[in-house]
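K.L.:
Quick one, run21.pdb (PDB, C-alpha atoms and all ligand atoms):
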ATOM      1  CA  MET A   1      74.864  94.324 119.736
ATOM      2  CA  ILE A   2      74.988  90.575 119.030
ATOM      3  CA  ILE A   3      78.324  90.998 117.338
ATOM      4  CA  ILE A   4      79.816  92.569 120.442
ATOM      5  CA  ALA A   5      78.408  90.105 122.941
ATOM      6  CA  GLY A   6      79.620  87.140 120.910
ATOM      7  CA  PHE A   7      83.013  88.631 120.686
ATOM      8  CA  MET A   8      83.652  89.346 124.317
ATOM      9  CA  ASN A   9      84.512  85.793 125.377
ATOM     10  CA  LYS A  10      87.915  85.874 126.966
ATOM     11  CA  LEU A  11      90.667  83.803 125.496
ATOM     12  CA  LYS A  12      93.199  81.780 127.410
ATOM     13  CA  MET A  13      95.973  83.159 125.248
ATOM     14  CA  TRP A  14      95.519  86.827 126.133
ATOM     15  CA  ASN A  15      95.319  87.879 129.709
ATOM     16  CA  ALA A  16      93.954  91.359 130.374
ATOM     17  CA  GLN A  17      95.998  91.627 133.560
ATOM     18  CA  ASP A  18      99.254  90.990 131.736
ATOM     19  CA  CYS A  19      98.924  91.947 128.100
ATOM     20  CA  GLN A  20     102.663  92.397 127.611
ATOM     21  CA  GLU A  21     103.358  88.786 128.632
ATOM     22  CA  SER A  22     100.506  87.624 126.433
ATOM     23  CA  GLU A  23     101.953  89.501 123.484
ATOM     24  CA  LYS A  24     105.398  88.061 124.104
ATOM     25  CA  ALA A  25     103.955  84.543 124.151
ATOM     26  CA  TRP A  26     102.078  85.265 120.919
ATOM     27  CA  ASP A  27     105.216  86.567 119.172
ATOM     28  CA  GLU A  28     107.260  83.547 120.254
ATOM     29  CA  ARG A  29     104.673  81.186 118.885
ATOM     30  CA  ALA A  30     104.516  83.215 115.641
ATOM     31  CA  SER A  31     108.298  82.784 115.214
ATOM     32  CA  GLN A  32     107.987  79.039 115.752
ATOM     33  CA  ALA A  33     105.137  78.806 113.248
ATOM     34  CA  ALA A  34     107.150  80.835 110.712
ATOM     35  CA  LYS A  35     109.969  78.274 110.888
ATOM     36  CA  GLN A  36     107.663  75.291 110.439
ATOM     37  CA  HIS A  37     105.111  76.788 108.011
ATOM     38  CA  PRO A  38     106.647  79.829 106.313
ATOM     39  CA  LEU A  39     104.073  82.038 104.589
ATOM     40  CA  LYS A  40     104.405  83.679 101.182
ATOM     41  CA  MET A  41     105.731  87.157 101.890
ATOM     42  CA  LEU A  42     106.785  90.140  99.858
ATOM     43  CA  LYS A  43     110.293  89.420  98.568
ATOM     44  CA  GLN A  44     111.171  93.044  99.052
ATOM     45  CA  MET A  45     109.250  96.099 100.139
ATOM     46  CA  PRO A  46     108.315  98.121  97.030
ATOM     47  CA  SER A  47     108.840 101.849  97.089
ATOM     48  CA  MET A  48     105.565 103.262  95.772
ATOM     49  CA  PRO A  49     103.954 106.697  96.076
ATOM     50  CA  GLY A  50     100.747 106.560  98.147
ATOM     51  CA  ILE A  51      98.766 107.952  95.207
ATOM     52  CA  THR A  52     100.074 108.524  91.683
ATOM     53  CA  GLU A  53     100.021 112.091  90.375
ATOM     54  CA  GLU A  54      97.398 111.332  87.724
ATOM     55  CA  THR A  55      95.133 109.542  90.209
ATOM     56  CA  ALA A  56      95.384 112.394  92.718
ATOM     57  CA  LYS A  57      93.652 114.770  90.273
ATOM     58  CA  ASN A  58      89.953 115.334  91.143
ATOM     59  CA  LEU A  59      90.088 112.509  93.669
ATOM     60  CA  LYS A  60      87.066 113.746  95.645
ATOM     61  CA  TRP A  61      84.983 113.655  92.499
ATOM     62  CA  LYS A  62      86.263 110.134  91.648
ATOM     63  CA  SER A  63      85.380 109.034  95.160
ATOM     64  CA  LEU A  64      81.809 110.387  94.921
ATOM     65  CA  ARG A  65      81.319 108.761  91.517
ATOM     66  CA  TRP A  66      82.599 105.411  92.805
ATOM     67  CA  MET A  67      80.386 105.511  95.878
ATOM     68  CA  ILE A  68      77.241 106.195  93.876
ATOM     69  CA  SER A  69      77.850 104.081  90.775
ATOM     70  CA  HIS A  70      79.001 100.929  92.614
ATOM     71  CA  ASP A  71      76.488 100.916  95.457
ATOM     72  CA  HIS A  72      74.783  97.860  93.937
ATOM     73  CA  ASP A  73      73.055  96.699  97.126
ATOM     74  CA  ARG A  74      72.152 100.301  98.052
ATOM     75  CA  TYR A  75      73.980  99.914 101.388
ATOM     76  CA  VAL A  76      75.315 103.441 101.386
ATOM     77  CA  LEU A  77      72.315 105.102  99.766
ATOM     78  CA  LYS A  78      69.885 103.602 102.288
ATOM     79  CA  GLY A  79      72.085 104.739 105.175
ATOM     80  CA  PHE A  80      72.447 108.222 103.729
ATOM     81  CA  PHE A  81      68.700 108.696 103.322
ATOM     82  CA  LYS A  82      68.041 108.035 107.012
ATOM     83  CA  HIS A  83      69.294 111.598 107.660
ATOM     84  CA  PRO A  84      69.894 113.185 104.234
ATOM     85  CA  LEU A  85      70.119 116.807 105.384
ATOM     86  CA  LYS A  86      72.434 116.130 108.311
ATOM     87  CA  TYR A  87      74.698 113.839 106.273
ATOM     88  CA  GLY A  88      74.617 115.998 103.162
ATOM     89  CA  TRP A  89      75.686 119.096 105.095
ATOM     90  CA  ALA A  90      78.460 117.237 106.987
ATOM     91  CA  LEU A  91      79.757 115.703 103.742
ATOM     92  CA  LEU A  92      79.871 119.100 102.090
ATOM     93  CA  LYS A  93      81.696 120.678 105.044
ATOM     94  CA  SER A  94      84.320 117.925 105.056
ATOM     95  CA  ALA A  95      84.694 118.032 101.255
ATOM     96  CA  PHE A  96      85.601 121.728 101.398
ATOM     97  CA  LYS A  97      88.482 121.082 103.764
ATOM     98  CA  LYS A  98      91.846 120.643 102.096
ATOM     99  CA  LYS A  99      92.280 117.272 103.825
ATOM    100  CA  PRO A 100      89.648 115.254 105.713
ATOM    101  CA  TYR A 101      92.266 114.088 108.239
ATOM    102  CA  LEU A 102      95.369 115.088 110.180
ATOM    103  CA  ARG A 103      98.354 112.824 109.641
ATOM    104  CA  ASP A 104     101.015 111.569 112.028
ATOM    105  CA  GLY A 105     103.174 108.983 110.229
ATOM    106  CA  ASP A 106     100.994 106.002 109.381
ATOM    107  CA  PHE A 107      98.136 107.248 111.580
ATOM    108  CA  PHE A 108      95.484 109.410 109.891
ATOM    109  CA  TYR A 109      93.217 111.100 112.430
ATOM    110  CA  TYR A 110      89.571 111.803 111.663
ATOM    111  CA  GLY A 111      87.645 114.008 114.078
ATOM    112  CA  VAL A 112      90.528 113.962 116.581
ATOM    113  CA  LYS A 113      93.840 115.782 116.527
ATOM    114  CA  THR A 114      96.200 113.445 118.352
ATOM    115  CA  GLU A 115      96.681 109.893 119.554
ATOM    116  CA  ARG A 116      96.362 111.153 123.095
ATOM    117  CA  GLU A 117      92.967 112.685 122.385
ATOM    118  CA  PHE A 118      91.805 109.432 120.804
ATOM    119  CA  LYS A 119      93.011 107.409 123.794
ATOM    120  CA  LYS A 120      91.004 109.680 126.085
ATOM    121  CA  LEU A 121      87.890 108.877 124.056
ATOM    122  CA  LEU A 122      88.637 105.155 124.335
ATOM    123  CA  GLU A 123      88.402 105.484 128.113
ATOM    124  CA  GLU A 124      84.804 106.675 127.924
ATOM    125  CA  PRO A 125      82.241 103.969 128.750
ATOM    126  CA  ASN A 126      79.607 105.149 126.297
ATOM    127  CA  THR A 127      81.667 104.226 123.244
ATOM    128  CA  LEU A 128      81.759 101.469 120.635
ATOM    129  CA  PHE A 129      85.116 100.708 119.079
ATOM    130  CA  VAL A 130      85.230  99.386 115.515
ATOM    131  CA  LEU A 131      88.449  97.591 114.611
ATOM    132  CA  GLY A 132      88.623  97.084 110.848
ATOM    133  CA  PHE A 133      91.114  95.313 108.592
ATOM    134  CA  SER A 134      91.319  95.631 104.819
ATOM    135  CA  TYR A 135      91.402  92.207 103.218
ATOM    136  CA  CYS A 136      94.546  92.981 101.225
ATOM    137  CA  HIS A 137      96.815  92.333 104.213
ATOM    138  CA  LYS A 138      95.357  88.927 104.986
ATOM    139  CA  PRO A 139      97.990  86.286 104.164
ATOM    140  CA  PHE A 140      97.606  84.522 100.798
ATOM    141  CA  GLU A 141      97.133  81.302 102.769
ATOM    142  CA  CYS A 142      94.337  82.763 104.960
ATOM    143  CA  PRO A 143      91.980  79.876 105.854
ATOM    144  CA  SER A 144      88.951  82.215 105.690
ATOM    145  CA  GLY A 145      89.864  83.407 102.189
ATOM    146  CA  ARG A 146      91.245  86.839 101.381
ATOM    147  CA  PHE A 147      88.348  88.610  99.642
ATOM    148  CA  LYS A 148      85.926  87.717 102.433
ATOM    149  CA  ASP A 149      84.366  89.533 105.391
ATOM    150  CA  ASP A 150      85.366  86.638 107.603
ATOM    151  CA  CYS A 151      88.297  85.656 109.810
ATOM    152  CA  ILE A 152      88.356  82.476 111.896
ATOM    153  CA  HIS A 153      91.511  83.622 113.786
ATOM    154  CA  ASN A 154      92.099  80.042 114.845
ATOM    155  CA  GLN A 155      94.875  79.883 117.440
ATOM    156  CA  GLU A 156      95.782  76.360 116.355
ATOM    157  CA  ASN A 157      96.192  77.291 112.700
ATOM    158  CA  PRO A 158      99.841  78.051 111.754
ATOM    159  CA  VAL A 159      98.734  80.763 109.286
ATOM    160  CA  CYS A 160      96.606  82.568 111.872
ATOM    161  CA  GLN A 161      99.444  82.226 114.367
ATOM    162  CA  GLN A 162     101.637  84.364 112.088
ATOM    163  CA  CYS A 163      98.984  86.841 111.006
ATOM    164  CA  PHE A 164      98.903  90.354 112.463
ATOM    165  CA  ILE A 165      95.124  90.464 112.047
ATOM    166  CA  GLY A 166      94.863  87.309 114.173
ATOM    167  CA  LYS A 167      97.116  88.830 116.807
ATOM    168  CA  ALA A 168      95.178  92.100 116.971
ATOM    169  CA  VAL A 169      91.817  90.324 117.057
ATOM    170  CA  HIS A 170      92.872  88.075 119.935
ATOM    171  CA  ALA A 171      94.317  91.034 121.839
ATOM    172  CA  SER A 172      91.103  92.979 121.295
ATOM    173  CA  LYS A 173      89.027  90.250 122.960
ATOM    174  CA  GLN A 174      90.021  91.766 126.266
ATOM    175  CA  CYS A 175      88.121  94.939 125.514
ATOM    176  CA  GLU A 176      84.817  95.736 123.834
ATOM    177  CA  VAL A 177      85.516  95.838 120.132
ATOM    178  CA  ILE A 178      83.539  95.267 116.944
ATOM    179  CA  PRO A 179      85.919  93.558 114.518
ATOM    180  CA  LEU A 180      85.307  93.923 110.788
ATOM    181  CA  PHE A 181      87.130  92.305 107.884
ATOM    182  CA  ILE A 182      86.648  94.535 104.899
ATOM    183  CA  PRO A 183      86.342  93.320 101.327
ATOM    184  CA  THR A 184      85.010  96.554  99.775
ATOM    185  CA  ILE A 185      84.454 100.208 100.524
ATOM    186  CA  HIS A 186      80.665  99.757 100.270
ATOM    187  CA  TYR A 187      80.805  96.933 102.799
ATOM    188  CA  ILE A 188      82.476  99.135 105.434
ATOM    189  CA  GLY A 189      80.254 102.111 104.545
ATOM    190  CA  GLY A 190      77.121 100.001 105.030
ATOM    191  CA  LYS A 191      78.391  98.500 108.294
ATOM    192  CA  ILE A 192      79.262 101.899 109.742
ATOM    193  CA  PHE A 193      75.799 103.246 108.917
ATOM    194  CA  GLU A 194      74.273 100.134 110.522
ATOM    195  CA  ILE A 195      76.297 100.514 113.733
ATOM    196  CA  VAL A 196      75.613 104.261 113.955
ATOM    197  CA  HIS A 197      71.861 103.868 113.426
ATOM    198  CA  GLN A 198      71.512 100.878 115.775
ATOM    199  CA  ASN A 199      73.362 102.673 118.571
ATOM    200  CA  PRO A 200      72.141 106.299 118.514
ATOM    201  CA  THR A 201      73.240 107.006 122.092
ATOM    202  CA  LYS A 202      76.785 105.673 121.681
ATOM    203  CA  LYS A 203      79.874 107.434 120.401
ATOM    204  CA  ILE A 204      81.443 105.380 117.595
ATOM    205  CA  LEU A 205      85.235 105.187 117.481
ATOM    206  CA  PHE A 206      87.313 103.325 114.943
ATOM    207  CA  MET A 207      90.742 102.090 113.946
ATOM    208  CA  ILE A 208      90.798 100.765 110.383
ATOM    209  CA  THR A 209      93.671  99.711 108.135
ATOM    210  CA  ALA A 210      93.614 100.874 104.509
ATOM    211  CA  CYS A 211      95.782 102.124 101.650
ATOM    212  CA  GLU A 212      96.636 105.819 101.658
ATOM    213  CA  MET A 213      94.511 106.340  98.572
ATOM    214  CA  THR A 214      91.444 104.907 100.292
ATOM    215  CA  LEU A 215      92.096 106.972 103.417
ATOM    216  CA  GLU A 216      92.209 110.063 101.224
ATOM    217  CA  MET A 217      89.230 109.138  99.038
ATOM    218  CA  PHE A 218      86.761 108.148 101.718
ATOM    219  CA  GLY A 219      87.730 110.322 104.686
ATOM    220  CA  ASP A 220      84.887 112.747 103.943
ATOM    221  CA  TRP A 221      82.405 109.874 104.253
ATOM    222  CA  GLY A 222      83.631 109.012 107.734
ATOM    223  CA  ASN A 223      83.397 112.658 108.739
ATOM    224  CA  MET A 224      79.885 112.737 107.312
ATOM    225  CA  VAL A 225      78.610 110.266 109.937
ATOM    226  CA  ASP A 226      80.669 112.000 112.613
ATOM    227  CA  ILE A 227      82.658 108.986 113.763
ATOM    228  CA  LYS A 228      86.086 109.614 115.230
ATOM    229  CA  GLY A 229      89.138 107.501 114.815
ATOM    230  CA  ILE A 230      92.327 106.466 113.128
ATOM    231  CA  GLY A 231      92.934 105.233 109.599
ATOM    232  CA  VAL A 232      96.089 103.133 109.610
ATOM    233  CA  ARG A 233      98.143 103.370 106.431
ATOM    234  CA  LEU A 234      99.164 100.112 104.792
ATOM    235  CA  ASP A 235     102.495  99.654 103.054
ATOM    236  CA  GLY A 236     103.695  97.005 100.599
ATOM    237  CA  ARG A 237     101.778  96.366  97.347
ATOM    238  CA  ILE A 238      99.218  99.084  97.903
ATOM    239  CA  CYS A 239      96.648 100.382  95.419
ATOM    240  CA  ASN A 240      97.772 103.789  94.220
ATOM    241  CA  THR A 241      95.845 104.107  90.950
ATOM    242  CA  MET A 242      92.114 103.982  90.195
ATOM    243  CA  LYS A 243      92.668 100.903  88.042
ATOM    244  CA  ALA A 244      94.362  98.986  90.878
ATOM    245  CA  PHE A 245      91.647 100.167  93.284
ATOM    246  CA  GLU A 246      88.854  98.990  90.957
ATOM    247  CA  LEU A 247      90.447  95.563  90.533
ATOM    248  CA  SER A 248      90.949  95.251  94.286
ATOM    249  CA  GLU A 249      87.305  96.152  94.938
ATOM    250  CA  ASN A 250      86.450  93.194  92.717
ATOM    251  CA  GLY A 251      88.725  90.819  94.620
ATOM    252  CA  ILE A 252      91.649  90.969  92.207
ATOM    253  CA  LYS A 253      94.633  91.734  94.384
ATOM    254  CA  PRO A 254      97.700  89.682  93.499
ATOM    255  CA  GLY A 255      99.946  91.753  95.784
ATOM    256  CA  LEU A 256     100.198  91.776  99.550
ATOM    257  CA  THR A 257      99.977  94.866 101.739
ATOM    258  CA  VAL A 258     101.477  95.068 105.226
ATOM    259  CA  VAL A 259     101.165  97.042 108.434
ATOM    260  CA  LEU A 260     104.744  98.115 109.137
ATOM    261  CA  ASP A 261     106.288  96.805 112.373
ATOM    262  CA  GLU A 262     106.376 100.204 114.083
ATOM    263  CA  THR A 263     102.765 100.812 113.107
ATOM    264  CA  GLN A 264     101.745  97.392 114.417
ATOM    265  CA  LYS A 265     103.229  98.441 117.769
ATOM    266  CA  ARG A 266     101.185 101.654 117.722
ATOM    267  CA  MET A 267      98.012  99.705 117.002
ATOM    268  CA  MET A 268      98.723  97.210 119.772
ATOM    269  CA  ASP A 269      99.332 100.123 122.124
ATOM    270  CA  ILE A 270      95.872 101.520 121.305
ATOM    271  CA  LEU A 271      94.286  98.125 122.019
ATOM    272  CA  LEU A 272      96.239  97.840 125.258
ATOM    273  CA  HIS A 273      95.026 101.277 126.291
ATOM    274  CA  ARG A 274      91.389 100.334 125.698
ATOM    275  CA  THR A 275      91.910  97.058 127.590
ATOM    276  CA  LYS A 276      93.415  98.826 130.601
ATOM    277  CA  ALA A 277      90.605 101.376 130.599
ATOM    278  CA  GLN A 278      87.996  98.618 130.686
ATOM    279  CA  ASN A 279      89.511  96.111 133.127
TER     280      ASN A 279
HETATM  281  S1  LIG B   1      93.798  85.419 111.549
HETATM  282 FE1  LIG B   1      92.063  85.771 110.192
HETATM  283  S2  LIG B   1      92.899  86.955 108.529
HETATM  284 FE2  LIG B   1      94.621  86.073 109.582
HETATM  285  S3  LIG B   1      95.047  84.179 108.528
HETATM  286 FE3  LIG B   1      93.667  83.651 110.198
HETATM  287  S4  LIG B   1      91.635  83.746 109.311
HETATM  288 FE4  LIG B   1      93.006  84.824 107.910
END
Can you dump the structure from the file as structure tokens?
Ligand code: SF4
P.N.:
Amino acid sequence: MIIIAGFMNKLKMWNAQDCQESEKAWDERASQAAKQHPLKMLKQMPSMPGITEETAKNLKWKSLRWMISHDHDRYVLKGFFKHPLKYGWALLKSAFKKKPYLRDGDFFYYGVKTEREFKKLLEEPNTLFVLGFSYCHKPFECPSGRFKDDCIHNQENPVCQQCFIGKAVHASKQCEVIPLFIPTIHYIGGKIFEIVHQNPTKKILFMITACEMTLEMFGDWGNMVDIKGIGVRLDGRICNTMKAFELSENGIKPGLTVVLDETQKRMMDILLHRTKAQN
């Protein structure tokens, strides 16, 4: 709960009563910052399949093996053994489905069928909303470092001023959100278990950015703990092979991923909806 309380201070920049104006002001300042301190960007958007054909084979098995063999701090194992029967049964049920999600463009729905249904849940008071960002779309120049679970989102920093993560985090300060900056799959798994177990009476909702391969590989694990939400597909230099995924999980990610402009708008709309529901 400390995380939430510390995060609910209101910022001057974003005004809950007029989020659209706040967003306009943010975008104008981002354009100014881009002229004075241009960031390293992708020269052109690569056209890559979400998952290569070879990697797609037996992906559920690869996912299970990765989860177990790389759980060095036992984050996931400890969480699982709090309710082994309940989690084991839910994992099995999800694993037997053809897909653990329903897809609508870059939005992958887990435990909900539509954006509208998810927005309805966001209106409920007894909910916690996890907003997660994969580290691979932090700018190369990120002052907190890329492969880190940290983000200073400093409004005075020209890099943060241009960063979509910074924008979304500032916008989310108008509503109750738990922000997470995700270096590895075990980090987010452990955090989700922690939040679920510390808040047994709350419904946990989430919106988390990730590569398509990760959304496919670990969807069953989200369904296992019965959290509902949206996985947001990243574009750009995504991981679409096991080798690239393994390197990325060890902090080796020379490429940059991006949330596409249209998808950024959809995410901001979700945050706006939560803000309106709570103010
Ligand atoms: S807003 Fe956060 S993620 Fe983005 S550049 Fe600043 S510190 Fe890095």
K.L.:
Name the residues that the PyMOL selection byres (((chain A and resi 48) around 12) and not hetatm) pulls out of this structure, and write them as a list of chain:residue names.
P.N.:
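This file, filtered by the PyMOL selection byres (((chain A and resi 48) around 12) and not hetatm), leaves A:Met45, A:Pro46, A:Ser47, A:Pro49, A:Gly50, A:Ile51, A:Thr52, A:Glu53, A:Cys211, A:Glu212, A:Met213, A:Leu234, A:Asp235, A:Gly236, A:Arg237, A:Ile238, A:Cys239, A:Asn240, A:Thr241, A:Thr257.
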K.L.:
Using C-alpha atoms, can you write the selected residues to a file as a PDB file, in the coordinates of the input?
P.N.:
ATOM      1  CA  MET A  45     109.250  96.099 100.139  1.00  0.00           C
ATOM      2  CA  PRO A  46     108.315  98.121  97.030  1.00  0.00           C
ATOM      3  CA  SER A  47     108.840 101.849  97.089  1.00  0.00           C
ATOM      4  CA  PRO A  49     103.954 106.697  96.076  1.00  0.00           C
ATOM      5  CA  GLY A  50     100.747 106.560  98.147  1.00  0.00           C
ATOM      6  CA  ILE A  51      98.766 107.952  95.207  1.00  0.00           C
ATOM      7  CA  THR A  52     100.074 108.524  91.683  1.00  0.00           C
ATOM      8  CA  GLU A  53     100.021 112.091  90.375  1.00  0.00           C
ATOM      9  CA  CYS A 211      95.782 102.124 101.650  1.00  0.00           C
ATOM     10  CA  GLU A 212      96.636 105.819 101.658  1.00  0.00           C
ATOM     11  CA  MET A 213      94.511 106.340  98.572  1.00  0.00           C
ATOM     12  CA  LEU A 234      99.164 100.112 104.792  1.00  0.00           C
ATOM     13  CA  ASP A 235     102.495  99.654 103.054  1.00  0.00           C
ATOM     14  CA  GLY A 236     103.695  97.005 100.599  1.00  0.00           C
ATOM     15  CA  ARG A 237     101.778  96.366  97.347  1.00  0.00           C
ATOM     16  CA  ILE A 238      99.218  99.084  97.903  1.00  0.00           C
ATOM     17  CA  CYS A 239      96.648 100.382  95.419  1.00  0.00           C
ATOM     18  CA  ASN A 240      97.772 103.789  94.220  1.00  0.00           C
ATOM     19  CA  THR A 241      95.845 104.107  90.950  1.00  0.00           C
ATOM     20  CA  THR A 257      99.977  94.866 101.739  1.00  0.00           C
TER      21      THR A 257
END
K.L.:
I'd like the neighbourhood of Leu102 in chain A as a list in words, where a residue qualifies if any of its atoms comes within 9 Å (using all atoms listed in the file), though same-chain residues fewer than 6 positions away should be ignored.
P.N.:
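With the cut-off at 9 Å, the set is Phe108, Tyr109, Tyr110, Gly111, Val112, Lys113 and Thr114 of chain A.
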K.L.:
Give the centre and edge lengths of an axis-aligned box, in Å to one decimal, that holds all listed atoms of ligand LIG 1 (chain B) with 5 Å on each side, as lines of an AutoDock Vina configuration file.
P.N.:
center_x = 93.3
center_y = 85.3
center_z = 109.7
size_x = 13.4
size_y = 13.3
size_z = 13.6
K.L.:
Which protein, DNA or RNA residues have an atom within 7 Å of ligand LIG 1 (chain B), counting only C-alpha atoms and all ligand atoms, as JSON, numbers by chain?
P.N.:
{"A": [138, 139, 141, 142, 143, 144, 145, 151, 152, 153, 154, 159, 160, 163, 164, 165, 166]}
K.L.:
Could you tell me how far CA of Glu262 in chain A lies from CA of Lys167 in chain A, in Å and to one decimal?
P.N.:
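Separation of CA of Glu262 in chain A and CA of Lys167 in chain A: 14.9 Å.
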K.L.:
For Lys98 in chain A, work out the shell of residues within 12 Å, counting all atoms listed in the file and skipping chain neighbours fewer than 4 positions away, then give it as JSON, numbers by chain.
P.N.:
{"A": [59, 60, 93, 94, 102, 216, 219, 220]}
K.L.:
If you measure from CA of Pro125 in chain A to CA of Lys203 in chain A, what distance in Å do you get, rounded to one decimal?
P.N.:
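Spanning CA of Pro125 in chain A to CA of Lys203 in chain A is a straight-line distance of 9.3 Å.
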K.L.:
Can you spell out as an mmCIF file with C-alpha atoms, in the frame of the given file the set of residues that the PyMOL selection byres (((chain A and resi 39) around 12) and not hetatm) selects in the structure I just provided?
P.N.:
data_model
loop_
_atom_site.group_PDB
_atom_site.id
_atom_site.type_symbol
_atom_site.label_atom_id
_atom_site.label_comp_id
_atom_site.auth_asym_id
_atom_site.auth_seq_id
_atom_site.Cartn_x
_atom_site.Cartn_y
_atom_site.Cartn_z
ATOM 1 C CA ALA A 30 104.516 83.215 115.641
ATOM 2 C CA SER A 31 108.298 82.784 115.214
ATOM 3 C CA ALA A 33 105.137 78.806 113.248
ATOM 4 C CA ALA A 34 107.150 80.835 110.712
ATOM 5 C CA LYS A 35 109.969 78.274 110.888
ATOM 6 C CA GLN A 36 107.663 75.291 110.439
ATOM 7 C CA HIS A 37 105.111 76.788 108.011
ATOM 8 C CA PRO A 38 106.647 79.829 106.313
ATOM 9 C CA LYS A 40 104.405 83.679 101.182
ATOM 10 C CA MET A 41 105.731 87.157 101.890
ATOM 11 C CA LEU A 42 106.785 90.140 99.858
ATOM 12 C CA LYS A 43 110.293 89.420 98.568
ATOM 13 C CA LYS A 138 95.357 88.927 104.986
ATOM 14 C CA PRO A 139 97.990 86.286 104.164
ATOM 15 C CA PHE A 140 97.606 84.522 100.798
ATOM 16 C CA GLU A 141 97.133 81.302 102.769
ATOM 17 C CA CYS A 142 94.337 82.763 104.960
ATOM 18 C CA PRO A 158 99.841 78.051 111.754
ATOM 19 C CA VAL A 159 98.734 80.763 109.286
ATOM 20 C CA CYS A 160 96.606 82.568 111.872
ATOM 21 C CA GLN A 161 99.444 82.226 114.367
ATOM 22 C CA GLN A 162 101.637 84.364 112.088
ATOM 23 C CA CYS A 163 98.984 86.841 111.006
ATOM 24 C CA LEU A 256 100.198 91.776 99.550
#
K.L.:
Distance CA of Tyr87 in chain A-CA of Phe118 in chain A, one decimal place?
P.N.:
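Between CA of Tyr87 in chain A and CA of Phe118 in chain A the gap works out to 22.9 Å.
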K.L.:
Spell out the residues picked by the PyMOL selection byres (((chain A and resi 270) around 12) and not hetatm) here, as a ChimeraX atom specification.
P.N.:
/A:107,115-123,129,131,168,171-172,175,177,205-207,229-230,232,263-269,271-277
K.L.:
Which residue, A:Ile188, A:Trp14, A:Glu54, A:Gln20, has the smallest gap to Met242 in chain A when you use all atoms listed in the file?
P.N.:
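Answer, going by the shortest atom-to-atom distance: A:Glu54.
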K.L.:
When distances are computed from all atoms listed in the file, which of A:Met217, A:Phe193, A:Lys148, A:Gly132 shows the smallest separation from Leu180 in chain A?
P.N.:
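Among A:Met217, A:Phe193, A:Lys148, A:Gly132, it is A:Gly132 that comes nearest to Leu180 in chain A.
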K.L.:
Looking at A:Trp221, A:Trp66, A:Tyr135, A:Phe245, which one is nearest to Trp89 in chain A, with distances taken over all atoms listed in the file?
P.N.:
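Nearest candidate to Trp89 in chain A out of A:Trp221, A:Trp66, A:Tyr135, A:Phe245: A:Trp221.
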K.L.:
Rank A:Leu85, A:Val225, A:Leu92, A:Ile68 by their smallest atom-to-atom distance to Glu194 in chain A, using only C-alpha atoms, and report the top residue only.
P.N.:
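Between A:Leu85, A:Val225, A:Leu92, A:Ile68, the residue approaching Glu194 in chain A most closely is A:Val225.
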